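Novice: Below is a structure I'd like to ask you about.
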Amino acid sequence: MKIISWNVNGFRALLKKNFLPDWLKIESPDILCLQETKLDESSIPDDAREIAGMQSYWSCGIRKGYSGVATYTKIKPVSITKGFNLNKEFDIEGRILIMDFYNFELLNIYFPNGQKNEERLNYKLRFYDATLEYCENRKKSGKELIICGDFNTAHNEIDLARPKENENVSGFLRIERDWMDKFESYGYIDTFRKLHPDKEGAYTWWSLRTAARTRNVGWRLDYFYVTEGIFRKVKKSEIMSCIEGSDHCPILLELDI
């Protein structure tokens, strides 16, 4: 099974010049998780609801042109849930799309950015805690989990080009990184770092304002986290840095399922 996750920073750009259909035909993933689609339900193009034999499912926020996630899949899910259903504040921005696929539950999540102000940083941290609460509840019920998307935090110094310069910037604050430590302490495995423990210069986001991508001055913000049972089936976890079209690049997970 092949799963790709990608923060596209606006879905409409992917449809230009037929990029998304052509790319999906080449990559042929079983599941594609997109974040930051920036569409509301009424503005999803009809020709985007099914592409390359993949049916799409969407979670849109109440604010137009903001946030949003979508999952394309060749495999029909058992169930689909929009949000954690723990607290309304985490579900109204269209950041969460959860699908049950028999052998595992897939969480496609666009985590909040905390750079705007302290209020948004606190919201991000509460959102993190809600994610852990939801995952623990599902894991205790016997579910294996795949949690993917833009976490909006670089976990360790190896995960960004200039750690010292960004110690006081949301996305690399100690309090955000502590939560990543906490998440892993509960048994959730960062598949890329587990398979590539010493790989440097492996980033998934680059600022558009400074031509950072050409110099590879980036951050690793996008992850595939899995439970132990799923990790035993992981064949590959890679960063698709050659794919352009967004300030993020896609990430890939291959499973023997």
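To be explicit about the labels: the chains of the structure tokens are called A, B, and onward in the order shown, and within each one the residues are counted from 1, while ligands get numbers from 1 in the order they are shown.
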Against segment 26-36 of chain A, which residues of segment 199-240 of chain A fall within 12 Å? For each one I want the closest pair of atoms and the distance in Å (one decimal), counting only C-alpha atoms, rows by chain and increasing residue number, as a Markdown table.

Specialist:
| residue | atom | partner | partner_atom | distance |
| --- | --- | --- | --- | --- |
| A:Asp222 | CA | A:Gln35 | CA | 10.2 |
| A:Tyr223 | CA | A:Cys33 | CA | 11.6 |
| A:Phe224 | CA | A:Cys33 | CA | 10.9 |
| A:Met240 | CA | A:Glu27 | CA | 11.0 |

Novice: Could you check the closest approach to Trp23 of chain A for each of A:Ile80, A:Asp181, A:Lys38, A:Ile243 and tell me which residue wins, using only C-alpha atoms?

Specialist: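 For Trp23 of chain A, the nearest of the given residues is A:Ile243.
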
Novice: DSSP on the backbone: which residues in segment 47-176 of chain A end up as alpha helix (DSSP H)? Give the answer as a PyMOL selection string.

Specialist: chain A and resi 88-91+118-140+174-176

Novice: What does the file look like for those residues with N, CA, C and O atoms, as a short mmCIF file (atom, residue, chain, number, x, y, z; two decimals), in the first residue's frame?

Specialist:
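Below is the file again29.cif, written as the result:
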data_model
loop_
_atom_site.label_atom_id
_atom_site.label_comp_id
_atom_site.auth_asym_id
_atom_site.auth_seq_id
_atom_site.Cartn_x
_atom_site.Cartn_y
_atom_site.Cartn_z
N LYS A 88 -15.67 21.36 20.12
CA LYS A 88 -16.02 22.02 18.86
C LYS A 88 -14.90 22.90 18.32
O LYS A 88 -14.72 23.04 17.11
N GLU A 89 -14.09 23.50 19.21
CA GLU A 89 -13.06 24.43 18.75
C GLU A 89 -12.02 23.75 17.86
O GLU A 89 -11.36 24.42 17.06
N PHE A 90 -11.87 22.43 17.98
CA PHE A 90 -10.88 21.72 17.16
C PHE A 90 -11.46 21.25 15.83
O PHE A 90 -10.71 20.83 14.95
N ASP A 91 -12.77 21.29 15.70
CA ASP A 91 -13.42 20.70 14.52
C ASP A 91 -13.94 21.73 13.52
O ASP A 91 -14.22 21.38 12.37
N GLU A 118 0.08 34.67 20.72
CA GLU A 118 0.07 33.72 21.83
C GLU A 118 -1.24 32.93 21.87
O GLU A 118 -1.25 31.74 22.23
N GLU A 119 -2.33 33.58 21.49
CA GLU A 119 -3.63 32.88 21.48
C GLU A 119 -3.61 31.69 20.53
O GLU A 119 -4.08 30.60 20.86
N ARG A 120 -3.04 31.88 19.33
CA ARG A 120 -2.97 30.78 18.36
C ARG A 120 -1.96 29.71 18.80
O ARG A 120 -2.16 28.52 18.53
N LEU A 121 -0.90 30.12 19.46
CA LEU A 121 0.04 29.13 19.98
C LEU A 121 -0.65 28.27 21.02
O LEU A 121 -0.50 27.03 21.01
N ASN A 122 -1.42 28.88 21.91
CA ASN A 122 -2.13 28.10 22.93
C ASN A 122 -3.17 27.19 22.28
O ASN A 122 -3.38 26.05 22.73
N TYR A 123 -3.82 27.69 21.24
CA TYR A 123 -4.77 26.84 20.49
C TYR A 123 -4.06 25.64 19.89
O TYR A 123 -4.56 24.51 19.95
N LYS A 124 -2.90 25.87 19.32
CA LYS A 124 -2.11 24.79 18.73
C LYS A 124 -1.77 23.73 19.78
O LYS A 124 -1.89 22.53 19.53
N LEU A 125 -1.36 24.18 20.96
CA LEU A 125 -0.98 23.22 22.01
C LEU A 125 -2.20 22.44 22.51
O LEU A 125 -2.10 21.25 22.80
N ARG A 126 -3.35 23.10 22.60
CA ARG A 126 -4.58 22.39 22.98
C ARG A 126 -4.97 21.39 21.89
O ARG A 126 -5.44 20.28 22.19
N PHE A 127 -4.79 21.78 20.66
CA PHE A 127 -5.07 20.89 19.53
C PHE A 127 -4.16 19.66 19.59
O PHE A 127 -4.62 18.53 19.37
N TYR A 128 -2.90 19.88 19.89
CA TYR A 128 -1.96 18.76 20.07
C TYR A 128 -2.48 17.79 21.14
O TYR A 128 -2.49 16.56 20.95
N ASP A 129 -2.87 18.33 22.28
CA ASP A 129 -3.34 17.48 23.38
C ASP A 129 -4.61 16.73 22.99
O ASP A 129 -4.79 15.56 23.37
N ALA A 130 -5.49 17.38 22.23
CA ALA A 130 -6.70 16.70 21.76
C ALA A 130 -6.35 15.56 20.81
O ALA A 130 -6.99 14.51 20.83
N THR A 131 -5.33 15.76 19.99
CA THR A 131 -4.87 14.70 19.08
C THR A 131 -4.41 13.48 19.87
O THR A 131 -4.79 12.35 19.56
N LEU A 132 -3.60 13.72 20.88
CA LEU A 132 -3.12 12.61 21.70
C LEU A 132 -4.27 11.92 22.41
O LEU A 132 -4.32 10.68 22.47
N GLU A 133 -5.20 12.69 22.95
CA GLU A 133 -6.35 12.10 23.63
C GLU A 133 -7.16 11.22 22.68
O GLU A 133 -7.52 10.08 23.02
N TYR A 134 -7.43 11.73 21.48
CA TYR A 134 -8.17 10.94 20.50
C TYR A 134 -7.41 9.66 20.14
O TYR A 134 -8.00 8.57 20.12
N CYS A 135 -6.13 9.80 19.85
CA CYS A 135 -5.34 8.64 19.44
C CYS A 135 -5.28 7.58 20.54
O CYS A 135 -5.39 6.38 20.27
N GLU A 136 -5.11 8.02 21.77
CA GLU A 136 -5.07 7.06 22.87
C GLU A 136 -6.40 6.34 23.05
O GLU A 136 -6.44 5.13 23.31
N ASN A 137 -7.49 7.07 22.88
CA ASN A 137 -8.81 6.42 22.98
C ASN A 137 -8.98 5.37 21.90
O ASN A 137 -9.49 4.27 22.16
N ARG A 138 -8.55 5.67 20.68
CA ARG A 138 -8.68 4.71 19.58
C ARG A 138 -7.74 3.53 19.75
O ARG A 138 -8.09 2.39 19.46
N LYS A 139 -6.53 3.82 20.21
CA LYS A 139 -5.56 2.74 20.41
C LYS A 139 -6.03 1.78 21.50
O LYS A 139 -5.89 0.55 21.37
N LYS A 140 -6.62 2.33 22.56
CA LYS A 140 -7.13 1.48 23.64
C LYS A 140 -8.30 0.62 23.20
O LYS A 140 -8.57 -0.43 23.79
N ARG A 174 10.55 25.22 22.40
CA ARG A 174 10.77 24.06 23.27
C ARG A 174 9.44 23.43 23.71
O ARG A 174 9.32 22.20 23.76
N ILE A 175 8.42 24.25 23.96
CA ILE A 175 7.14 23.72 24.41
C ILE A 175 6.46 22.88 23.33
O ILE A 175 5.80 21.88 23.62
N GLU A 176 6.64 23.26 22.07
CA GLU A 176 6.09 22.49 20.96
C GLU A 176 6.86 21.19 20.77
O GLU A 176 6.29 20.11 20.55
#

Novice: List the spatial neighbours of segment 41-47 of chain A as a list in words - criterion: any atom at most 9 Å away, only C-alpha atoms, same-chain residues fewer than 3 positions off excluded.

Specialist: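 The residues that qualify are Arg12, Glu50, Ile51, Trp58, Ser59, Cys60 and Gly61 of chain A.
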
Novice: May I have the residues from that selection written out with N, CA, C and O atoms, as an mmCIF file, in the first residue's frame?

Specialist:
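Once written, result.cif looks like this:
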data_model
loop_
_atom_site.group_PDB
_atom_site.id
_atom_site.type_symbol
_atom_site.label_atom_id
_atom_site.label_comp_id
_atom_site.auth_asym_id
_atom_site.auth_seq_id
_atom_site.Cartn_x
_atom_site.Cartn_y
_atom_site.Cartn_z
ATOM 1 N N ARG A 12 -6.479 24.731 -5.627
ATOM 2 C CA ARG A 12 -6.727 25.155 -7.009
ATOM 3 C C ARG A 12 -5.450 25.190 -7.851
ATOM 4 O O ARG A 12 -5.485 24.915 -9.047
ATOM 5 N N GLU A 50 -13.452 13.229 -8.048
ATOM 6 C CA GLU A 50 -12.876 11.922 -8.386
ATOM 7 C C GLU A 50 -11.789 12.144 -9.431
ATOM 8 O O GLU A 50 -12.041 12.724 -10.492
ATOM 9 N N ILE A 51 -10.576 11.710 -9.121
ATOM 10 C CA ILE A 51 -9.438 11.896 -10.013
ATOM 11 C C ILE A 51 -8.636 10.606 -10.082
ATOM 12 O O ILE A 51 -8.327 10.004 -9.046
ATOM 13 N N TRP A 58 -13.764 15.318 1.899
ATOM 14 C CA TRP A 58 -13.280 16.636 2.272
ATOM 15 C C TRP A 58 -13.763 17.043 3.667
ATOM 16 O O TRP A 58 -14.868 16.703 4.078
ATOM 17 N N SER A 59 -12.920 17.782 4.356
ATOM 18 C CA SER A 59 -13.317 18.445 5.592
ATOM 19 C C SER A 59 -12.948 19.918 5.437
ATOM 20 O O SER A 59 -11.769 20.253 5.262
ATOM 21 N N CYS A 60 -13.944 20.775 5.456
ATOM 22 C CA CYS A 60 -13.745 22.202 5.197
ATOM 23 C C CYS A 60 -14.112 23.015 6.432
ATOM 24 O O CYS A 60 -15.048 22.681 7.159
ATOM 25 N N GLY A 61 -13.371 24.088 6.645
ATOM 26 C CA GLY A 61 -13.654 24.958 7.778
ATOM 27 C C GLY A 61 -14.778 25.926 7.481
ATOM 28 O O GLY A 61 -15.216 26.079 6.338
#

Novice: Could you list, with a cut-off of 12 Å and counting only C-alpha atoms, the residues of segment 59-156 of chain A near segment 191-211 of chain A, each shown with its nearest atom pair and the distance in Å rounded to one decimal, rows sorted by chain and ascending number, as a tab-separated table?

Specialist:
residue	atom	partner	partner_atom	distance
A:Ile146	CA	A:Thr191	CA	10.1
A:Ile147	CA	A:Thr191	CA	10.5
A:Cys148	CA	A:Thr191	CA	10.4
A:Gly149	CA	A:Thr204	CA	10.9
A:Asp150	CA	A:Thr204	CA	9.2
A:Phe151	CA	A:Thr204	CA	11.1
A:Asn152	CA	A:Trp205	CA	9.6
A:Thr153	CA	A:Trp205	CA	10.7
A:Ala154	CA	A:Tyr203	CA	9.2
A:His155	CA	A:Arg193	CA	10.2
A:Asn156	CA	A:Arg193	CA	10.3

Novice: Show which residues sit within 7 Å of Met1 of chain A, as a PyMOL selection string. Count only C-alpha atoms, and ignore same-chain residues fewer than 5 positions away.

Specialist: chain A and resi 30+254-257

Novice: Go ahead and dump the residues you just picked, all heavy atoms, as an mmCIF file, in the first residue's frame.

Specialist:
data_model
loop_
_atom_site.group_PDB
_atom_site.id
_atom_site.type_symbol
_atom_site.label_atom_id
_atom_site.label_comp_id
_atom_site.auth_asym_id
_atom_site.auth_seq_id
_atom_site.Cartn_x
_atom_site.Cartn_y
_atom_site.Cartn_z
ATOM 1 N N ASP A 30 -2.349 4.573 -3.349
ATOM 2 C CA ASP A 30 -3.641 4.026 -2.946
ATOM 3 C C ASP A 30 -4.450 5.077 -2.199
ATOM 4 O O ASP A 30 -5.680 5.111 -2.292
ATOM 5 C CB ASP A 30 -3.432 2.795 -2.056
ATOM 6 C CG ASP A 30 -2.746 1.667 -2.803
ATOM 7 O OD1 ASP A 30 -3.399 1.054 -3.663
ATOM 8 O OD2 ASP A 30 -1.553 1.427 -2.537
ATOM 9 N N GLU A 254 5.133 3.633 2.381
ATOM 10 C CA GLU A 254 4.773 2.370 1.743
ATOM 11 C C GLU A 254 4.681 1.289 2.808
ATOM 12 O O GLU A 254 5.562 1.154 3.645
ATOM 13 C CB GLU A 254 5.773 1.988 0.652
ATOM 14 C CG GLU A 254 5.688 2.851 -0.572
ATOM 15 C CD GLU A 254 6.479 2.296 -1.752
ATOM 16 O OE1 GLU A 254 6.968 1.149 -1.655
ATOM 17 O OE2 GLU A 254 6.622 3.028 -2.760
ATOM 18 N N LEU A 255 3.603 0.519 2.739
ATOM 19 C CA LEU A 255 3.304 -0.515 3.720
ATOM 20 C C LEU A 255 3.111 -1.867 3.059
ATOM 21 O O LEU A 255 2.617 -1.946 1.923
ATOM 22 C CB LEU A 255 2.022 -0.159 4.488
ATOM 23 C CG LEU A 255 1.978 1.182 5.207
ATOM 24 C CD1 LEU A 255 0.545 1.525 5.581
ATOM 25 C CD2 LEU A 255 2.862 1.170 6.437
ATOM 26 N N ASP A 256 3.453 -2.896 3.769
ATOM 27 C CA ASP A 256 3.196 -4.256 3.292
ATOM 28 C C ASP A 256 1.856 -4.712 3.869
ATOM 29 O O ASP A 256 1.797 -5.497 4.815
ATOM 30 C CB ASP A 256 4.327 -5.181 3.733
ATOM 31 C CG ASP A 256 4.181 -6.576 3.123
ATOM 32 O OD1 ASP A 256 3.365 -6.747 2.203
ATOM 33 O OD2 ASP A 256 4.897 -7.497 3.591
ATOM 34 N N ILE A 257 0.798 -4.150 3.320
ATOM 35 C CA ILE A 257 -0.555 -4.483 3.770
ATOM 36 C C ILE A 257 -1.366 -4.927 2.567
ATOM 37 O O ILE A 257 -1.394 -4.250 1.545
ATOM 38 C CB ILE A 257 -1.249 -3.263 4.436
ATOM 39 C CG1 ILE A 257 -0.548 -2.921 5.743
ATOM 40 C CG2 ILE A 257 -2.718 -3.556 4.700
ATOM 41 C CD1 ILE A 257 -1.141 -1.731 6.470
#

Novice: Excluding same-chain residues fewer than 4 positions from Glu228 of chain A, what lies within 9 Å of it counting only C-alpha atoms, as number ranges by chain?

Specialist: A: 144-145, 187-189, 232

Novice: Per DSSP on the backbone, what are the strand (DSSP E or B) residues of segment 24-238 of chain A, as a ChimeraX atom specification?

Specialist: /A:31-35,50-51,54-59,69-73,79-82,96-100,105-110,145-150,160,189-190,205-206,218-219,222-226,234-238
